[in-house]
Every structure is written in C-alpha cells, then in structure tokens.
Amino acid sequence: MRLVIIEDDEEIRELVKYAIKDLKINIFEADNGKKGLELIEVKKPQLIILDVGLPDIEGWDICKSIRENNSKYENPAIIMLTAKEDVIKGFEIGADEYIVKPFDEKELFYRIKRFTNRFIKDEEVVEYGDIQLYTKKMELYLNKERIKLGKKELELLEYFILNRGILLSREALLNKIWENDWEVGDRAVDQCIKRLRAKLPILKENLVTKRGFGYILKKIR
C-alpha cells in the first residue's frame, strides 16, 4: 500500500510516520501542495493524509481537485488533518476521514489501519522497485503500466520477490513453481528467468546468477 503525506510541518510528518511504523505502507511525503499533487500523480497512492493549512495551496482545493479528477488519480482515500470546526467542510468536498489537530498517536494509528486493512484485503500486492504484482488477480504493473507475463513467469517472480536476498537453487524453484515436474528439466528455470529479465529491466542487474548454486534477487531500498 502507498501513502502520501502532504503536511508542511516536519514534526507532524515524523509523528505520522512513527505512529504507523508497524504497518506495511510505502510512505511518500511532501511539504507543500504542489509537490503533493505531483507525488500523487506519479505514485498513485491508495491513501492520502492531507493538511488543510498548506503554504501554497489550501488542502481543501487539493481534495476538491482530486475528487474532480478521480480517474486520473485512481480514486485514493483522503484523510484530512483539520481543526474541529472544519470537519463538515471536509466531508462535503470528498474527504473520507478526518483527524483533528492536535491528534492522539493511537487514534491516528487505528484510523489509518482501517484503510490499510481494506486495501490489503482488496489488493494483496507485492512490490519490488517500480514493480507491483497483484497476487489475487495475478497482474503485473511496471511504472503503472500493465506488463503481460505467463503464469509460470508471474509465479516465479512472486517467489523471488517474497524471498529477496535469499539464494534459491534450481531444484528449489522447480519444486515450488513446477511442483517437481522433472520432465520439464532445470533449463525451464533458466529460460523463464531469461524471459523475466528481458521484460523487466530492473531484473537484469538485480536477479543474479550464482553459478553452481542458483539465483538470488538482490534487496533494494
């Protein structure tokens, strides 16, 4: 799950990140509205935490802009950081939730966790760099563009991502992906990996062959 925090107060951004540190969320942050909108367009987050009082663009205007262009921004959920008297206005322009400043850390955690649980249940996505693999529907996206892969290619890629940093032998891969169908032969693994590297440039350097041992997908930040 991807979250964009748009808040000009660094201390509040750090508090938000600390409060949700145990949730499986990729966090991106901006200290003004212009940067925030740029991040939303590029990262396509499922959730946005949006401050009302930004230095350049009011949070209300950003929320309204997103709701008027939901297809462009892929309809993210929006949590407004606002004063109590502004709650109704936030709902009227399309906010999904609000948190009143100053907010309690536990309250923030549980409000965000509610959205996290919903999106994880709907998506079940594993990510590697700019790759997003939706495991329920077995669809792969690279920089938001869908890439068509075969069934075994998708299964093998998912297994590598879930086991990044671990050396995997051909025998282990055959056992897991091809279910010990030895008639296929270990060359099937090599050919499948060759196709993955050709279709996904990030794998050319990061999916490494260890001769005589197998393959390892490097960990990346």
# chains A, B, ... in the order shown; residues from 1 in each chain; ligands from 1

$ select_by_dssp --residues "stretch 91-199 of chain A" --states "strand (DSSP E or B)" --output "list in words"
Glu97, Tyr98, Ile99, Val100, Val125, Val126, Glu127, Tyr128, Ile131, Gln132, Leu133, Tyr134, Glu139, Leu140, Tyr141, Leu142, Glu145, Arg146, Ile147 and Leu168 of chain A

$ select_by_dssp --residues "stretch 88-220 of chain A" --states "alpha helix (DSSP H)" --output "count of residues only"
62

$ closest_residue --among "A:Lys144, A:Arg211, A:Lys89, A:Lys43" --to "A:Asp61" --atoms "only C-alpha atoms"
A:Lys89

$ residues_around --residues "stretch 64-79 of chain A" --least-positions-apart "5" --cutoff "7 Å" --atoms "only C-alpha atoms" --output "VMD selection string"
chain A and resid 40 to 41 44 to 50 93 to 98

$ write_last_selection --atoms "N, CA and C atoms" --output "PDB file, in the first residue's frame"
ATOM      1  N   ILE A  40       1.249  12.491  -5.957  1.00  0.00           N
ATOM      2  CA  ILE A  40       0.022  11.704  -6.133  1.00  0.00           C
ATOM      3  C   ILE A  40      -0.104  11.226  -7.565  1.00  0.00           C
ATOM      4  N   GLU A  41       0.221  12.094  -8.508  1.00  0.00           N
ATOM      5  CA  GLU A  41       0.098  11.721  -9.919  1.00  0.00           C
ATOM      6  C   GLU A  41       1.088  10.624 -10.291  1.00  0.00           C
ATOM      7  N   LYS A  44       0.476   7.322  -7.420  1.00  0.00           N
ATOM      8  CA  LYS A  44      -0.887   6.771  -7.374  1.00  0.00           C
ATOM      9  C   LYS A  44      -1.154   6.081  -6.027  1.00  0.00           C
ATOM     10  N   PRO A  45      -1.092   6.827  -4.934  1.00  0.00           N
ATOM     11  CA  PRO A  45      -1.294   6.205  -3.619  1.00  0.00           C
ATOM     12  C   PRO A  45      -2.741   5.766  -3.412  1.00  0.00           C
ATOM     13  N   GLN A  46      -2.916   4.767  -2.552  1.00  0.00           N
ATOM     14  CA  GLN A  46      -4.271   4.383  -2.169  1.00  0.00           C
ATOM     15  C   GLN A  46      -4.819   5.286  -1.064  1.00  0.00           C
ATOM     16  N   LEU A  47      -3.916   5.943  -0.324  1.00  0.00           N
ATOM     17  CA  LEU A  47      -4.328   6.781   0.798  1.00  0.00           C
ATOM     18  C   LEU A  47      -3.494   8.057   0.843  1.00  0.00           C
ATOM     19  N   ILE A  48      -4.171   9.163   1.154  1.00  0.00           N
ATOM     20  CA  ILE A  48      -3.509  10.468   1.282  1.00  0.00           C
ATOM     21  C   ILE A  48      -3.859  11.057   2.644  1.00  0.00           C
ATOM     22  N   ILE A  49      -2.854  11.521   3.364  1.00  0.00           N
ATOM     23  CA  ILE A  49      -3.079  12.308   4.576  1.00  0.00           C
ATOM     24  C   ILE A  49      -2.787  13.759   4.209  1.00  0.00           C
ATOM     25  N   LEU A  50      -3.796  14.593   4.291  1.00  0.00           N
ATOM     26  CA  LEU A  50      -3.743  15.927   3.703  1.00  0.00           C
ATOM     27  C   LEU A  50      -4.038  17.011   4.743  1.00  0.00           C
ATOM     28  N   ILE A  93     -16.541  18.107   0.588  1.00  0.00           N
ATOM     29  CA  ILE A  93     -15.749  18.167  -0.647  1.00  0.00           C
ATOM     30  C   ILE A  93     -15.105  16.829  -1.002  1.00  0.00           C
ATOM     31  N   GLY A  94     -15.401  15.780  -0.229  1.00  0.00           N
ATOM     32  CA  GLY A  94     -14.968  14.453  -0.655  1.00  0.00           C
ATOM     33  C   GLY A  94     -13.955  13.749   0.209  1.00  0.00           C
ATOM     34  N   ALA A  95     -13.639  14.284   1.404  1.00  0.00           N
ATOM     35  CA  ALA A  95     -12.724  13.569   2.296  1.00  0.00           C
ATOM     36  C   ALA A  95     -13.407  12.314   2.829  1.00  0.00           C
ATOM     37  N   ASP A  96     -12.627  11.269   3.060  1.00  0.00           N
ATOM     38  CA  ASP A  96     -13.169  10.018   3.590  1.00  0.00           C
ATOM     39  C   ASP A  96     -13.125   9.961   5.110  1.00  0.00           C
ATOM     40  N   GLU A  97     -12.189  10.697   5.682  1.00  0.00           N
ATOM     41  CA  GLU A  97     -11.992  10.650   7.129  1.00  0.00           C
ATOM     42  C   GLU A  97     -11.295  11.937   7.544  1.00  0.00           C
ATOM     43  N   TYR A  98     -11.304  12.225   8.832  1.00  0.00           N
ATOM     44  CA  TYR A  98     -10.601  13.404   9.325  1.00  0.00           C
ATOM     45  C   TYR A  98      -9.900  13.060  10.634  1.00  0.00           C
TER      46      TYR A  98
END

$ atom_distance --atom1 "atom CA of A:Leu37" --atom2 "atom CA of A:Glu92"
20.3 Å

$ residues_around --residues "stretch 8-23 of chain A" --least-positions-apart "6" --cutoff "9 Å" --atoms "only C-alpha atoms" --output "PyMOL selection string"
chain A and resi 29-33+51+53-55+105-106+108-110+112-113+116

$ residues_around --residues "A:Lys194" --least-positions-apart "2" --cutoff "12 Å" --atoms "only C-alpha atoms" --output "list in words"
Glu153, Leu156, Leu157, Arg187, Ala188, Val189, Asp190, Gln191, Cys192, Leu196, Arg197, Ala198, Lys199, Leu200, Pro201, Leu203, Lys204, Leu207, Val208, Thr209 and Tyr215 of chain A

$ atom_distance --atom1 "atom CA of A:Asn163" --atom2 "atom CA of A:Leu217"
7.7 Å

$ closest_residue --among "A:Arg2, A:Lys152, A:Lys137, A:Arg111" --to "A:Arg195" --atoms "only C-alpha atoms"
A:Lys152

$ closest_residue --among "A:Leu154, A:Asp130, A:Ile177, A:Cys63" --to "A:Val42" --atoms "only C-alpha atoms"
A:Asp130

$ residues_around --residues "A:Leu142" --least-positions-apart "3" --cutoff "9 Å" --atoms "only C-alpha atoms" --output "list in words"
Gly129, Asp130, Ile131, Gln132, Leu133, Glu145, Arg146, Ile147 and Leu200 of chain A

$ atom_distance --atom1 "atom CA of A:Thr82" --atom2 "atom CA of A:Gly59"
9.2 Å
